[in-house]
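As stored in model05.cif (mmCIF, C-alpha atoms and all ligand atoms):
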data_model
#
loop_
_atom_site.group_PDB
_atom_site.id
_atom_site.type_symbol
_atom_site.label_atom_id
_atom_site.label_comp_id
_atom_site.auth_asym_id
_atom_site.auth_seq_id
_atom_site.Cartn_x
_atom_site.Cartn_y
_atom_site.Cartn_z
ATOM 1 C CA MET A 1 -10.421 17.041 10.526
ATOM 2 C CA THR A 2 -12.928 14.313 9.675
ATOM 3 C CA ILE A 3 -11.695 11.481 7.463
ATOM 4 C CA GLY A 4 -14.326 9.234 5.928
ATOM 5 C CA PHE A 5 -13.825 5.895 4.207
ATOM 6 C CA ILE A 6 -16.140 4.712 1.445
ATOM 7 C CA GLY A 7 -15.491 0.977 1.653
ATOM 8 C CA PHE A 8 -13.878 -0.332 4.831
ATOM 9 C CA GLY A 9 -12.041 -3.529 3.904
ATOM 10 C CA ASN A 10 -8.410 -4.535 4.430
ATOM 11 C CA MET A 11 -6.741 -1.379 3.094
ATOM 12 C CA ALA A 12 -9.115 1.130 4.709
ATOM 13 C CA GLN A 13 -8.821 -0.677 8.052
ATOM 14 C CA ALA A 14 -5.005 -0.614 7.842
ATOM 15 C CA ILE A 15 -5.076 3.164 7.249
ATOM 16 C CA ALA A 16 -7.622 3.769 10.027
ATOM 17 C CA LYS A 17 -5.519 1.684 12.452
ATOM 18 C CA GLY A 18 -2.392 3.697 11.576
ATOM 19 C CA LEU A 19 -4.200 7.038 11.932
ATOM 20 C CA LEU A 20 -5.546 6.091 15.357
ATOM 21 C CA GLU A 21 -2.289 4.548 16.600
ATOM 22 C CA LYS A 22 -0.290 7.610 15.533
ATOM 23 C CA GLN A 23 -3.019 9.813 17.097
ATOM 24 C CA LEU A 24 -3.418 11.862 13.914
ATOM 25 C CA VAL A 25 -7.171 11.718 14.470
ATOM 26 C CA THR A 26 -9.506 10.857 17.324
ATOM 27 C CA HIS A 27 -12.110 8.092 17.049
ATOM 28 C CA ASP A 28 -14.786 10.801 16.578
ATOM 29 C CA GLU A 29 -12.962 12.090 13.487
ATOM 30 C CA LEU A 30 -13.251 8.829 11.526
ATOM 31 C CA LEU A 31 -16.288 7.294 9.864
ATOM 32 C CA PHE A 32 -16.912 4.689 7.201
ATOM 33 C CA SER A 33 -19.527 3.201 4.931
ATOM 34 C CA ASN A 34 -19.801 -0.364 3.710
ATOM 35 C CA GLN A 35 -22.553 -2.648 2.490
ATOM 36 C CA SER A 36 -22.720 -5.613 4.798
ATOM 37 C CA GLU A 37 -24.585 -4.772 8.030
ATOM 38 C CA ASP A 38 -23.079 -7.650 10.063
ATOM 39 C CA LYS A 39 -19.526 -6.592 9.232
ATOM 40 C CA ARG A 40 -20.362 -2.925 9.887
ATOM 41 C CA GLN A 41 -21.493 -3.527 13.458
ATOM 42 C CA GLN A 42 -18.430 -5.649 14.160
ATOM 43 C CA LEU A 43 -16.063 -3.039 12.640
ATOM 44 C CA MET A 44 -17.756 -0.186 14.533
ATOM 45 C CA ASN A 45 -17.109 -2.098 17.776
ATOM 46 C CA THR A 46 -13.521 -3.023 16.869
ATOM 47 C CA PHE A 47 -12.477 0.496 15.812
ATOM 48 C CA ASN A 48 -14.885 2.426 18.029
ATOM 49 C CA ILE A 49 -15.774 4.703 15.084
ATOM 50 C CA LYS A 50 -19.048 5.563 13.315
ATOM 51 C CA GLY A 51 -20.225 3.307 10.471
ATOM 52 C CA THR A 52 -23.100 3.811 8.037
ATOM 53 C CA SER A 53 -24.660 2.152 5.025
ATOM 54 C CA SER A 54 -24.746 5.542 3.258
ATOM 55 C CA ASN A 55 -21.788 6.618 1.112
ATOM 56 C CA GLN A 56 -23.558 9.986 0.843
ATOM 57 C CA ASP A 57 -23.359 10.491 4.631
ATOM 58 C CA VAL A 58 -19.613 9.840 4.516
ATOM 59 C CA TRP A 59 -19.236 12.283 1.625
ATOM 60 C CA ASP A 60 -21.282 15.015 3.306
ATOM 61 C CA GLN A 61 -19.679 14.690 6.753
ATOM 62 C CA SER A 62 -15.968 14.391 5.829
ATOM 63 C CA ASP A 63 -13.166 16.838 5.043
ATOM 64 C CA ILE A 64 -11.278 14.029 3.332
ATOM 65 C CA VAL A 65 -12.883 10.960 1.749
ATOM 66 C CA ILE A 66 -10.711 7.901 1.133
ATOM 67 C CA VAL A 67 -12.409 5.761 -1.497
ATOM 68 C CA ALA A 68 -11.353 2.180 -0.787
ATOM 69 C CA VAL A 69 -13.813 0.037 -2.734
ATOM 70 C CA LYS A 70 -12.657 -2.492 -5.349
ATOM 71 C CA PRO A 71 -11.458 -0.830 -8.575
ATOM 72 C CA TYR A 72 -14.406 -2.133 -10.627
ATOM 73 C CA GLN A 73 -16.832 -0.514 -8.131
ATOM 74 C CA MET A 74 -15.257 2.948 -8.358
ATOM 75 C CA ASP A 75 -17.286 4.415 -11.262
ATOM 76 C CA GLU A 76 -20.597 3.256 -9.808
ATOM 77 C CA VAL A 77 -19.778 4.568 -6.323
ATOM 78 C CA LEU A 78 -18.609 8.003 -7.546
ATOM 79 C CA THR A 79 -21.511 8.356 -9.996
ATOM 80 C CA GLY A 80 -23.999 7.592 -7.218
ATOM 81 C CA LEU A 81 -22.982 10.572 -5.052
ATOM 82 C CA ASP A 82 -24.568 14.020 -4.867
ATOM 83 C CA LYS A 83 -21.394 16.117 -4.960
ATOM 84 C CA THR A 84 -22.774 19.373 -3.524
ATOM 85 C CA ALA A 85 -20.254 19.034 -0.672
ATOM 86 C CA HIS A 86 -16.565 19.223 -1.637
ATOM 87 C CA PRO A 87 -14.417 16.926 0.472
ATOM 88 C CA PHE A 88 -10.905 16.183 -0.789
ATOM 89 C CA VAL A 89 -10.855 12.680 -2.323
ATOM 90 C CA ILE A 90 -8.078 10.104 -2.046
ATOM 91 C CA SER A 91 -8.386 6.985 -4.183
ATOM 92 C CA VAL A 92 -6.438 3.860 -3.214
ATOM 93 C CA ALA A 93 -7.935 1.775 -6.030
ATOM 94 C CA ALA A 94 -5.337 -0.055 -8.123
ATOM 95 C CA GLY A 95 -5.636 0.709 -11.828
ATOM 96 C CA VAL A 96 -8.103 3.599 -11.454
ATOM 97 C CA THR A 97 -6.305 6.390 -13.330
ATOM 98 C CA ASN A 98 -6.194 10.152 -12.870
ATOM 99 C CA ALA A 99 -8.233 10.462 -16.098
ATOM 100 C CA GLN A 100 -10.903 8.111 -14.719
ATOM 101 C CA LEU A 101 -11.067 10.056 -11.444
ATOM 102 C CA ALA A 102 -11.157 13.373 -13.346
ATOM 103 C CA SER A 103 -14.260 12.186 -15.202
ATOM 104 C CA HIS A 104 -16.088 12.311 -11.828
ATOM 105 C CA LEU A 105 -14.234 14.956 -9.819
ATOM 106 C CA LYS A 106 -12.722 18.433 -10.190
ATOM 107 C CA ALA A 107 -9.029 18.141 -11.130
ATOM 108 C CA SER A 108 -7.948 19.937 -7.938
ATOM 109 C CA ALA A 109 -10.096 17.723 -5.716
ATOM 110 C CA PHE A 110 -8.403 14.315 -5.749
ATOM 111 C CA LEU A 111 -5.202 12.344 -5.557
ATOM 112 C CA ARG A 112 -4.621 8.826 -6.850
ATOM 113 C CA THR A 113 -2.524 6.721 -4.483
ATOM 114 C CA MET A 114 -1.168 3.189 -4.465
ATOM 115 C CA PRO A 115 -0.444 1.780 -1.009
ATOM 116 C CA ASN A 116 0.893 -1.755 -0.504
ATOM 117 C CA LEU A 117 0.090 -4.757 1.655
ATOM 118 C CA ASN A 118 2.692 -3.908 4.305
ATOM 119 C CA SER A 119 0.573 -0.907 5.335
ATOM 120 C CA GLN A 120 -1.231 -3.482 7.507
ATOM 121 C CA VAL A 121 1.814 -3.594 9.821
ATOM 122 C CA GLY A 122 2.702 0.106 9.578
ATOM 123 C CA GLU A 123 5.570 -0.488 7.117
ATOM 124 C CA GLY A 124 3.754 0.227 3.873
ATOM 125 C CA MET A 125 5.132 1.935 0.782
ATOM 126 C CA THR A 126 2.637 4.268 -0.854
ATOM 127 C CA ALA A 127 2.945 6.066 -4.188
ATOM 128 C CA ILE A 128 1.096 9.361 -4.495
ATOM 129 C CA VAL A 129 0.507 9.997 -8.176
ATOM 130 C CA ASP A 130 1.343 13.526 -9.377
ATOM 131 C CA ASN A 131 -1.608 15.814 -9.901
ATOM 132 C CA LEU A 132 -0.411 19.364 -10.537
ATOM 133 C CA ASP A 133 -3.874 20.854 -9.945
ATOM 134 C CA VAL A 134 -3.918 19.867 -6.265
ATOM 135 C CA GLU A 135 -3.175 22.446 -3.520
ATOM 136 C CA GLN A 136 0.051 21.866 -1.552
ATOM 137 C CA SER A 137 -1.966 21.665 1.694
ATOM 138 C CA ASP A 138 -4.055 18.749 0.323
ATOM 139 C CA LEU A 139 -0.893 16.983 -0.864
ATOM 140 C CA ASP A 140 0.688 17.482 2.580
ATOM 141 C CA LYS A 141 -2.386 16.043 4.339
ATOM 142 C CA THR A 142 -2.367 13.035 2.004
ATOM 143 C CA LYS A 143 1.317 12.399 2.746
ATOM 144 C CA GLU A 144 0.635 12.641 6.466
ATOM 145 C CA ILE A 145 -2.157 10.060 6.193
ATOM 146 C CA PHE A 146 0.031 7.500 4.414
ATOM 147 C CA LYS A 147 3.056 8.204 6.625
ATOM 148 C CA ALA A 148 0.880 6.851 9.436
ATOM 149 C CA VAL A 149 1.242 3.428 7.769
ATOM 150 C CA GLY A 150 4.771 3.625 6.346
ATOM 151 C CA GLU A 151 6.673 5.606 3.743
ATOM 152 C CA VAL A 152 5.521 7.751 0.819
ATOM 153 C CA VAL A 153 6.924 8.654 -2.622
ATOM 154 C CA GLU A 154 5.485 11.035 -5.209
ATOM 155 C CA LEU A 155 5.576 9.711 -8.773
ATOM 156 C CA PRO A 156 4.279 10.575 -12.235
ATOM 157 C CA GLU A 157 1.531 8.206 -13.330
ATOM 158 C CA SER A 158 3.855 6.911 -16.096
ATOM 159 C CA GLN A 159 6.137 5.355 -13.424
ATOM 160 C CA LEU A 160 3.365 3.572 -11.556
ATOM 161 C CA GLY A 161 3.991 0.284 -13.390
ATOM 162 C CA ALA A 162 7.548 0.166 -12.040
ATOM 163 C CA PHE A 163 6.262 1.135 -8.571
ATOM 164 C CA ILE A 164 3.693 -1.674 -8.648
ATOM 165 C CA ALA A 165 6.475 -4.189 -9.416
ATOM 166 C CA LEU A 166 8.896 -2.773 -6.811
ATOM 167 C CA ALA A 167 6.413 -2.241 -3.979
ATOM 168 C CA GLY A 168 2.930 -3.552 -4.834
ATOM 169 C CA SER A 169 4.002 -7.025 -5.929
ATOM 170 C CA SER A 170 7.509 -7.313 -4.491
ATOM 171 C CA PRO A 171 6.330 -8.389 -1.021
ATOM 172 C CA ALA A 172 5.470 -11.724 -2.695
ATOM 173 C CA LEU A 173 9.046 -11.976 -4.058
ATOM 174 C CA VAL A 174 10.494 -11.124 -0.654
ATOM 175 C CA PHE A 175 8.232 -13.714 1.027
ATOM 176 C CA MET A 176 9.605 -16.222 -1.476
ATOM 177 C CA PHE A 177 13.193 -15.194 -0.644
ATOM 178 C CA ILE A 178 12.502 -15.524 3.101
ATOM 179 C CA ASP A 179 10.887 -18.920 2.626
ATOM 180 C CA THR A 180 13.727 -20.195 0.424
ATOM 181 C CA LEU A 181 16.405 -18.928 2.837
ATOM 182 C CA ALA A 182 14.552 -20.539 5.743
ATOM 183 C CA ARG A 183 14.107 -23.836 3.853
ATOM 184 C CA ALA A 184 17.857 -23.902 3.193
ATOM 185 C CA GLY A 185 18.348 -23.436 6.955
ATOM 186 C CA VAL A 186 16.072 -26.432 7.543
ATOM 187 C CA LYS A 187 18.447 -28.456 5.336
ATOM 188 C CA TYR A 188 21.120 -27.743 7.965
ATOM 189 C CA GLY A 189 18.968 -28.767 10.928
ATOM 190 C CA LEU A 190 17.058 -25.623 11.954
ATOM 191 C CA THR A 191 13.321 -26.023 12.582
ATOM 192 C CA LYS A 192 11.200 -24.248 9.940
ATOM 193 C CA GLU A 193 9.763 -21.982 12.620
ATOM 194 C CA LYS A 194 13.145 -20.806 13.883
ATOM 195 C CA ALA A 195 14.598 -20.611 10.361
ATOM 196 C CA THR A 196 11.676 -18.427 9.182
ATOM 197 C CA LYS A 197 12.036 -16.102 12.179
ATOM 198 C CA ILE A 198 15.799 -15.779 11.577
ATOM 199 C CA ALA A 199 15.395 -15.155 7.830
ATOM 200 C CA ALA A 200 12.516 -12.657 8.240
ATOM 201 C CA GLN A 201 14.364 -10.653 10.898
ATOM 202 C CA ALA A 202 17.517 -10.617 8.724
ATOM 203 C CA VAL A 203 15.466 -9.195 5.810
ATOM 204 C CA LEU A 204 13.720 -6.643 8.053
ATOM 205 C CA GLY A 205 17.023 -5.496 9.549
ATOM 206 C CA SER A 206 18.745 -5.349 6.155
ATOM 207 C CA GLY A 207 16.006 -3.101 4.761
ATOM 208 C CA LYS A 208 16.295 -0.870 7.808
ATOM 209 C CA THR A 209 20.085 -0.743 7.446
ATOM 210 C CA VAL A 210 19.796 0.409 3.808
ATOM 211 C CA LEU A 211 17.278 3.114 4.753
ATOM 212 C CA GLU A 212 18.964 4.334 7.920
ATOM 213 C CA THR A 213 22.599 4.359 6.739
ATOM 214 C CA ALA A 214 21.589 5.669 3.282
ATOM 215 C CA HIS A 215 24.509 3.646 1.881
ATOM 216 C CA GLU A 216 24.279 2.056 -1.553
ATOM 217 C CA PRO A 217 23.508 -1.644 -1.048
ATOM 218 C CA TRP A 218 26.816 -2.533 -2.790
ATOM 219 C CA THR A 219 28.738 -0.579 -0.126
ATOM 220 C CA LEU A 220 26.975 -2.615 2.552
ATOM 221 C CA ILE A 221 27.657 -5.866 0.670
ATOM 222 C CA ASP A 222 31.357 -4.982 0.660
ATOM 223 C CA GLN A 223 31.232 -4.189 4.385
ATOM 224 C CA VAL A 224 29.779 -7.629 5.186
ATOM 225 C CA SER A 225 32.129 -9.518 2.821
ATOM 226 C CA SER A 226 35.486 -9.927 4.592
ATOM 227 C CA PRO A 227 38.354 -11.016 2.345
ATOM 228 C CA GLY A 228 38.504 -14.786 2.006
ATOM 229 C CA GLY A 229 35.413 -15.039 4.239
ATOM 230 C CA VAL A 230 32.063 -16.844 4.258
ATOM 231 C CA THR A 231 29.819 -14.077 2.853
ATOM 232 C CA VAL A 232 31.802 -13.456 -0.329
ATOM 233 C CA GLU A 233 31.415 -17.166 -1.185
ATOM 234 C CA GLY A 234 27.632 -16.763 -0.952
ATOM 235 C CA ILE A 235 27.624 -13.545 -3.009
ATOM 236 C CA LEU A 236 29.765 -15.063 -5.787
ATOM 237 C CA SER A 237 27.594 -18.180 -5.837
ATOM 238 C CA LEU A 238 24.457 -16.029 -6.313
ATOM 239 C CA LEU A 239 26.138 -14.034 -9.085
ATOM 240 C CA LYS A 240 27.187 -17.271 -10.829
ATOM 241 C CA ASP A 241 23.563 -18.469 -10.676
ATOM 242 C CA ASP A 242 22.253 -15.247 -12.293
ATOM 243 C CA PHE A 243 20.452 -13.935 -9.208
ATOM 244 C CA ALA A 244 20.416 -10.364 -10.565
ATOM 245 C CA SER A 245 19.048 -11.469 -13.966
ATOM 246 C CA SER A 246 16.280 -13.485 -12.311
ATOM 247 C CA ILE A 247 15.102 -10.451 -10.341
ATOM 248 C CA ILE A 248 15.293 -8.139 -13.365
ATOM 249 C CA HIS A 249 13.353 -10.647 -15.520
ATOM 250 C CA SER A 250 10.711 -10.882 -12.810
ATOM 251 C CA VAL A 251 10.335 -7.068 -12.694
ATOM 252 C CA ASP A 252 10.174 -6.982 -16.535
ATOM 253 C CA ALA A 253 7.380 -9.591 -16.456
ATOM 254 C CA MET A 254 5.391 -7.591 -13.867
ATOM 255 C CA VAL A 255 5.817 -4.254 -15.692
ATOM 256 C CA GLU A 256 4.773 -5.873 -19.012
ATOM 257 C CA LYS A 257 1.732 -7.533 -17.439
ATOM 258 C CA ASN A 258 0.686 -4.249 -15.798
ATOM 259 C CA GLU A 259 1.003 -2.448 -19.144
ATOM 260 C CA SER A 260 -1.083 -5.049 -20.974
ATOM 261 C CA MET A 261 -3.772 -4.910 -18.239
ATOM 262 C CA SER A 262 -3.833 -1.077 -18.349
ATOM 263 C CA LYS A 263 -4.475 -1.191 -22.105
ATOM 264 C CA GLY A 264 -7.409 -3.517 -21.374
HETATM 265 N N1 LIG B 301 -5.360 -4.835 0.109
HETATM 266 C C1 LIG B 301 -4.221 -4.304 -0.383
HETATM 267 O O1 LIG B 301 -3.095 -4.709 -0.042
HETATM 268 C C2 LIG B 301 -4.317 -3.163 -1.378
HETATM 269 C C3 LIG B 301 -3.130 -2.596 -1.885
HETATM 270 C C4 LIG B 301 -3.220 -1.515 -2.771
HETATM 271 C C5 LIG B 301 -4.457 -1.025 -3.155
HETATM 272 N N2 LIG B 301 -5.586 -1.607 -2.678
HETATM 273 C C6 LIG B 301 -6.884 -1.092 -3.138
HETATM 274 O O2 LIG B 301 -7.734 -0.850 -2.047
HETATM 275 C C7 LIG B 301 -9.092 -1.028 -2.460
HETATM 276 C C8 LIG B 301 -9.784 -1.917 -1.437
HETATM 277 O O3 LIG B 301 -9.093 -3.162 -1.399
HETATM 278 P P1 LIG B 301 -9.240 -4.115 -0.137
HETATM 279 O O4 LIG B 301 -8.203 -5.153 -0.280
HETATM 280 O O5 LIG B 301 -9.341 -3.317 1.091
HETATM 281 O O6 LIG B 301 -10.683 -4.760 -0.492
HETATM 282 P P2 LIG B 301 -11.793 -5.323 0.473
HETATM 283 O O7 LIG B 301 -11.167 -5.830 1.742
HETATM 284 O O8 LIG B 301 -12.645 -6.253 -0.328
HETATM 285 O O9 LIG B 301 -12.670 -4.022 0.831
HETATM 286 C C9 LIG B 301 -13.621 -3.471 -0.025
HETATM 287 C C10 LIG B 301 -14.629 -2.727 0.840
HETATM 288 O O10 LIG B 301 -15.567 -2.051 0.002
HETATM 289 C C11 LIG B 301 -16.877 -2.205 0.576
HETATM 290 N N3 LIG B 301 -17.851 -1.973 -0.467
HETATM 291 C C12 LIG B 301 -18.190 -2.754 -1.513
HETATM 292 N N4 LIG B 301 -19.110 -2.143 -2.284
HETATM 293 C C13 LIG B 301 -19.365 -0.943 -1.694
HETATM 294 C C14 LIG B 301 -20.223 0.137 -2.000
HETATM 295 N N5 LIG B 301 -21.002 0.134 -3.085
HETATM 296 N N6 LIG B 301 -20.219 1.190 -1.165
HETATM 297 C C15 LIG B 301 -19.443 1.235 -0.058
HETATM 298 N N7 LIG B 301 -18.601 0.239 0.272
HETATM 299 C C16 LIG B 301 -18.581 -0.844 -0.533
HETATM 300 C C17 LIG B 301 -16.828 -3.577 1.145
HETATM 301 O O11 LIG B 301 -17.846 -3.708 2.107
HETATM 302 P P3 LIG B 301 -18.851 -4.971 2.165
HETATM 303 O O12 LIG B 301 -17.978 -6.154 2.291
HETATM 304 O O13 LIG B 301 -19.705 -4.726 3.323
HETATM 305 O O14 LIG B 301 -19.584 -4.959 0.872
HETATM 306 C C18 LIG B 301 -15.436 -3.576 1.779
HETATM 307 O O15 LIG B 301 -15.498 -2.949 3.031
HETATM 308 C C19 LIG B 301 -9.060 -1.647 -3.854
HETATM 309 O O16 LIG B 301 -9.419 -0.686 -4.812
HETATM 310 C C20 LIG B 301 -7.614 -2.082 -4.027
HETATM 311 O O17 LIG B 301 -7.176 -1.948 -5.381
HETATM 312 C C21 LIG B 301 -5.552 -2.665 -1.793
#

How does this structure look as structure tokens?
Amino acid sequence: MTIGFIGFGNMAQAIAKGLLEKQLVTHDELLFSNQSEDKRQQLMNTFNIKGTSSNQDVWDQSDIVIVAVKPYQMDEVLTGLDKTAHPFVISVAAGVTNAQLASHLKASAFLRTMPNLNSQVGEGMTAIVDNLDVEQSDLDKTKEIFKAVGEVVELPESQLGAFIALAGSSPALVFMFIDTLARAGVKYGLTKEKATKIAAQAVLGSGKTVLETAHEPWTLIDQVSSPGGVTVEGILSLLKDDFASSIIHSVDAMVEKNESMSKG
């Protein structure tokens, strides 16, 4: 199965790295197009895959084409292709809707996806937007591709705003939490380097604990909070300072902003 990338920047490279590391494809089964010749040669050497200046070559030679150009470039790139060949198309472009893709492609021939930044380290969270016209086998292949860089959920397009807040943007909130926790550790004498490592690993492990135990977070909070102990003091202090409201207000702000941007 040949997978071609039109555009080979940060997101496409993260996906290609995951596909190769998980051995879902061989180096011969990947190819990409981009514009800058200097970068192309360097990327061909780094990934040991074929690169070209021609989007048409990628289209004609691939079973699946992942279009990973900037959202504003999408219409121009798709319009510029001779679509005699029929590869299955996966868009990763933020804000490019099913309707926009359907104006260029057959309804059964594409899926809109929304990966996140953490795909770069194999712990991404990707939404695959529902498209009822797509064959199950194409949906399965798309899931397999994104599982190479993390986890996958299927969502209706109407819930993408919430997804963008909870997974697209939330890494920034979590980085802020890690930095604040670490800074508070510095107050008590830890170096920033050690404090950041401790806080980041605690967040990583906590996420893994939620996913692997499948317990509700509140059950886990109760498990960690011994009666009269240290942790319950911290939890009650956060509740008193409206921690939950701050997070909910932040999600509200992101969902509202996404809606206003979608309306143009
Ligand atoms: N980065 C993320 O965390 C993230 C998360 C979710 C979704 N996305 C989506 O992923 C897409 C790519 O984002 P990115 O961060 O990877 O951007 P990026 O690093 O700037 O990559 C864009 C790529 O497109 C190439 N390109 C530009 N014009 C082209 C054309 N006409 N034909 C072929 N290739 C062309 C660029 O190559 P040259 O530099 O050689 O021109 C570059 O390789 C965007 O639509 C974005 O919304 C990204």

Given 6 Å of margin on each side, can you work out the centre and size in Å (one decimal) of an axis-aligned box holding every listed atom of ligand LIG 301 (chain B), as JSON?
{"center_x": -12.0, "center_y": -2.5, "center_z": -1.0, "size_x": 29.9, "size_y": 19.5, "size_z": 20.7}

Select from chain A every residue with an atom at most 7 Å from any atom of ligand LIG 301 (chain B), then for each give the shortest pair of atoms and their distance in Å to one decimal, using all atoms listed in the file, rows by chain and rising number, as JSON lines.
{"residue": "A:Ile6", "atom": "CA", "partner": "B:LIG301", "partner_atom": "C15", "distance": 5.0}
{"residue": "A:Gly7", "atom": "CA", "partner": "B:LIG301", "partner_atom": "O10", "distance": 3.4}
{"residue": "A:Phe8", "atom": "CA", "partner": "B:LIG301", "partner_atom": "O15", "distance": 3.6}
{"residue": "A:Gly9", "atom": "CA", "partner": "B:LIG301", "partner_atom": "O9", "distance": 3.2}
{"residue": "A:Asn10", "atom": "CA", "partner": "B:LIG301", "partner_atom": "O5", "distance": 3.7}
{"residue": "A:Met11", "atom": "CA", "partner": "B:LIG301", "partner_atom": "O5", "distance": 3.8}
{"residue": "A:Ala12", "atom": "CA", "partner": "B:LIG301", "partner_atom": "O5", "distance": 5.7}
{"residue": "A:Ser33", "atom": "CA", "partner": "B:LIG301", "partner_atom": "C15", "distance": 5.4}
{"residue": "A:Asn34", "atom": "CA", "partner": "B:LIG301", "partner_atom": "N7", "distance": 3.7}
{"residue": "A:Gln35", "atom": "CA", "partner": "B:LIG301", "partner_atom": "O13", "distance": 3.6}
{"residue": "A:Ser36", "atom": "CA", "partner": "B:LIG301", "partner_atom": "O13", "distance": 3.5}
{"residue": "A:Glu37", "atom": "CA", "partner": "B:LIG301", "partner_atom": "O13", "distance": 6.8}
{"residue": "A:Lys39", "atom": "CA", "partner": "B:LIG301", "partner_atom": "O13", "distance": 6.2}
{"residue": "A:Arg40", "atom": "CA", "partner": "B:LIG301", "partner_atom": "O13", "distance": 6.8}
{"residue": "A:Asn55", "atom": "CA", "partner": "B:LIG301", "partner_atom": "C15", "distance": 6.0}
{"residue": "A:Ala68", "atom": "CA", "partner": "B:LIG301", "partner_atom": "C7", "distance": 4.3}
{"residue": "A:Val69", "atom": "CA", "partner": "B:LIG301", "partner_atom": "O10", "distance": 3.9}
{"residue": "A:Lys70", "atom": "CA", "partner": "B:LIG301", "partner_atom": "O16", "distance": 3.7}
{"residue": "A:Pro71", "atom": "CA", "partner": "B:LIG301", "partner_atom": "O16", "distance": 4.3}
{"residue": "A:Gln73", "atom": "CA", "partner": "B:LIG301", "partner_atom": "N4", "distance": 6.5}
{"residue": "A:Val77", "atom": "CA", "partner": "B:LIG301", "partner_atom": "N5", "distance": 5.6}
{"residue": "A:Val92", "atom": "CA", "partner": "B:LIG301", "partner_atom": "C6", "distance": 5.0}
{"residue": "A:Ala93", "atom": "CA", "partner": "B:LIG301", "partner_atom": "O16", "distance": 3.1}
{"residue": "A:Ala94", "atom": "CA", "partner": "B:LIG301", "partner_atom": "O17", "distance": 3.8}
{"residue": "A:Met114", "atom": "CA", "partner": "B:LIG301", "partner_atom": "C4", "distance": 5.4}
{"residue": "A:Pro115", "atom": "CA", "partner": "B:LIG301", "partner_atom": "C4", "distance": 4.7}
{"residue": "A:Asn116", "atom": "CA", "partner": "B:LIG301", "partner_atom": "C3", "distance": 4.3}
{"residue": "A:Leu117", "atom": "CA", "partner": "B:LIG301", "partner_atom": "O1", "distance": 3.6}
{"residue": "A:Gly168", "atom": "CA", "partner": "B:LIG301", "partner_atom": "C4", "distance": 6.8}

C-alpha atoms of the current selection, written as a compact mmCIF listing (two decimals), in the frame of the given file:
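What landed in selection03.txt:
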# COMPACT_ATOMS: atom_id res chain seq x y z
CA ILE A 6 -16.14 4.71 1.44
CA GLY A 7 -15.49 0.98 1.65
CA PHE A 8 -13.88 -0.33 4.83
CA GLY A 9 -12.04 -3.53 3.90
CA ASN A 10 -8.41 -4.54 4.43
CA MET A 11 -6.74 -1.38 3.09
CA ALA A 12 -9.12 1.13 4.71
CA SER A 33 -19.53 3.20 4.93
CA ASN A 34 -19.80 -0.36 3.71
CA GLN A 35 -22.55 -2.65 2.49
CA SER A 36 -22.72 -5.61 4.80
CA GLU A 37 -24.58 -4.77 8.03
CA LYS A 39 -19.53 -6.59 9.23
CA ARG A 40 -20.36 -2.92 9.89
CA ASN A 55 -21.79 6.62 1.11
CA ALA A 68 -11.35 2.18 -0.79
CA VAL A 69 -13.81 0.04 -2.73
CA LYS A 70 -12.66 -2.49 -5.35
CA PRO A 71 -11.46 -0.83 -8.57
CA GLN A 73 -16.83 -0.51 -8.13
CA VAL A 77 -19.78 4.57 -6.32
CA VAL A 92 -6.44 3.86 -3.21
CA ALA A 93 -7.94 1.78 -6.03
CA ALA A 94 -5.34 -0.06 -8.12
CA MET A 114 -1.17 3.19 -4.46
CA PRO A 115 -0.44 1.78 -1.01
CA ASN A 116 0.89 -1.76 -0.50
CA LEU A 117 0.09 -4.76 1.66
CA GLY A 168 2.93 -3.55 -4.83

List every residue of segment 22-119 of chain A that has an atom at most 10 Å from any atom of segment 144-153 of chain A, giving for each one its closest atom pair and the distance in Å to one decimal, counting only C-alpha atoms, sorted by chain and then by ascending residue number, as CSV.
residue,atom,partner,partner_atom,distance
A:Lys22,CA,A:Ala148,CA,6.3
A:Gln23,CA,A:Ala148,CA,9.1
A:Leu24,CA,A:Ala148,CA,8.0
A:Val25,CA,A:Ile145,CA,9.8
A:Thr113,CA,A:Phe146,CA,9.3
A:Met114,CA,A:Val152,CA,9.7
A:Pro115,CA,A:Phe146,CA,7.9
A:Asn116,CA,A:Gly150,CA,9.5
A:Asn118,CA,A:Gly150,CA,8.1
A:Ser119,CA,A:Val149,CA,5.0

#### Entry: Selection result for the PyMOL selection byres (((chain A and resi 106) around 10) and not hetatm) on this file, as an MDAnalysis selection string
chainID A and resid 86 88:89 101:105 107:110 133:134

### Message
Please list as a VMD selection string every residue within 7 Å of Thr2 of chain A, counting only C-alpha atoms and excluding residues in the same chain fewer than 3 positions away.
### Response
chain A and resid 29 to 30 62 to 64

Residues from the last selection, C-alpha atoms, saved as a PDB file, in the coordinates of the input:
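Saved to again.pdb:
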ATOM      1  CA  GLU A  29     -12.962  12.090  13.487  1.00  0.00           C
ATOM      2  CA  LEU A  30     -13.251   8.829  11.526  1.00  0.00           C
ATOM      3  CA  SER A  62     -15.968  14.391   5.829  1.00  0.00           C
ATOM      4  CA  ASP A  63     -13.166  16.838   5.043  1.00  0.00           C
ATOM      5  CA  ILE A  64     -11.278  14.029   3.332  1.00  0.00           C
TER       6      ILE A  64
END

Mind checking which residues fall within 12 Å of Thr26 of chain A, counting all atoms listed in the file, ignoring those fewer than 4 positions away in the same chain, and posting them as a tab-separated table (two decimals) with C-alpha atoms, in the frame of the given file?
chain	number	residue	atom	x	y	z
A	1	MET	CA	-10.42	17.04	10.53
A	2	THR	CA	-12.93	14.31	9.68
A	3	ILE	CA	-11.70	11.48	7.46
A	16	ALA	CA	-7.62	3.77	10.03
A	17	LYS	CA	-5.52	1.68	12.45
A	18	GLY	CA	-2.39	3.70	11.58
A	19	LEU	CA	-4.20	7.04	11.93
A	20	LEU	CA	-5.55	6.09	15.36
A	21	GLU	CA	-2.29	4.55	16.60
A	22	LYS	CA	-0.29	7.61	15.53
A	30	LEU	CA	-13.25	8.83	11.53
A	31	LEU	CA	-16.29	7.29	9.86
A	47	PHE	CA	-12.48	0.50	15.81
A	48	ASN	CA	-14.88	2.43	18.03
A	49	ILE	CA	-15.77	4.70	15.08
A	50	LYS	CA	-19.05	5.56	13.32
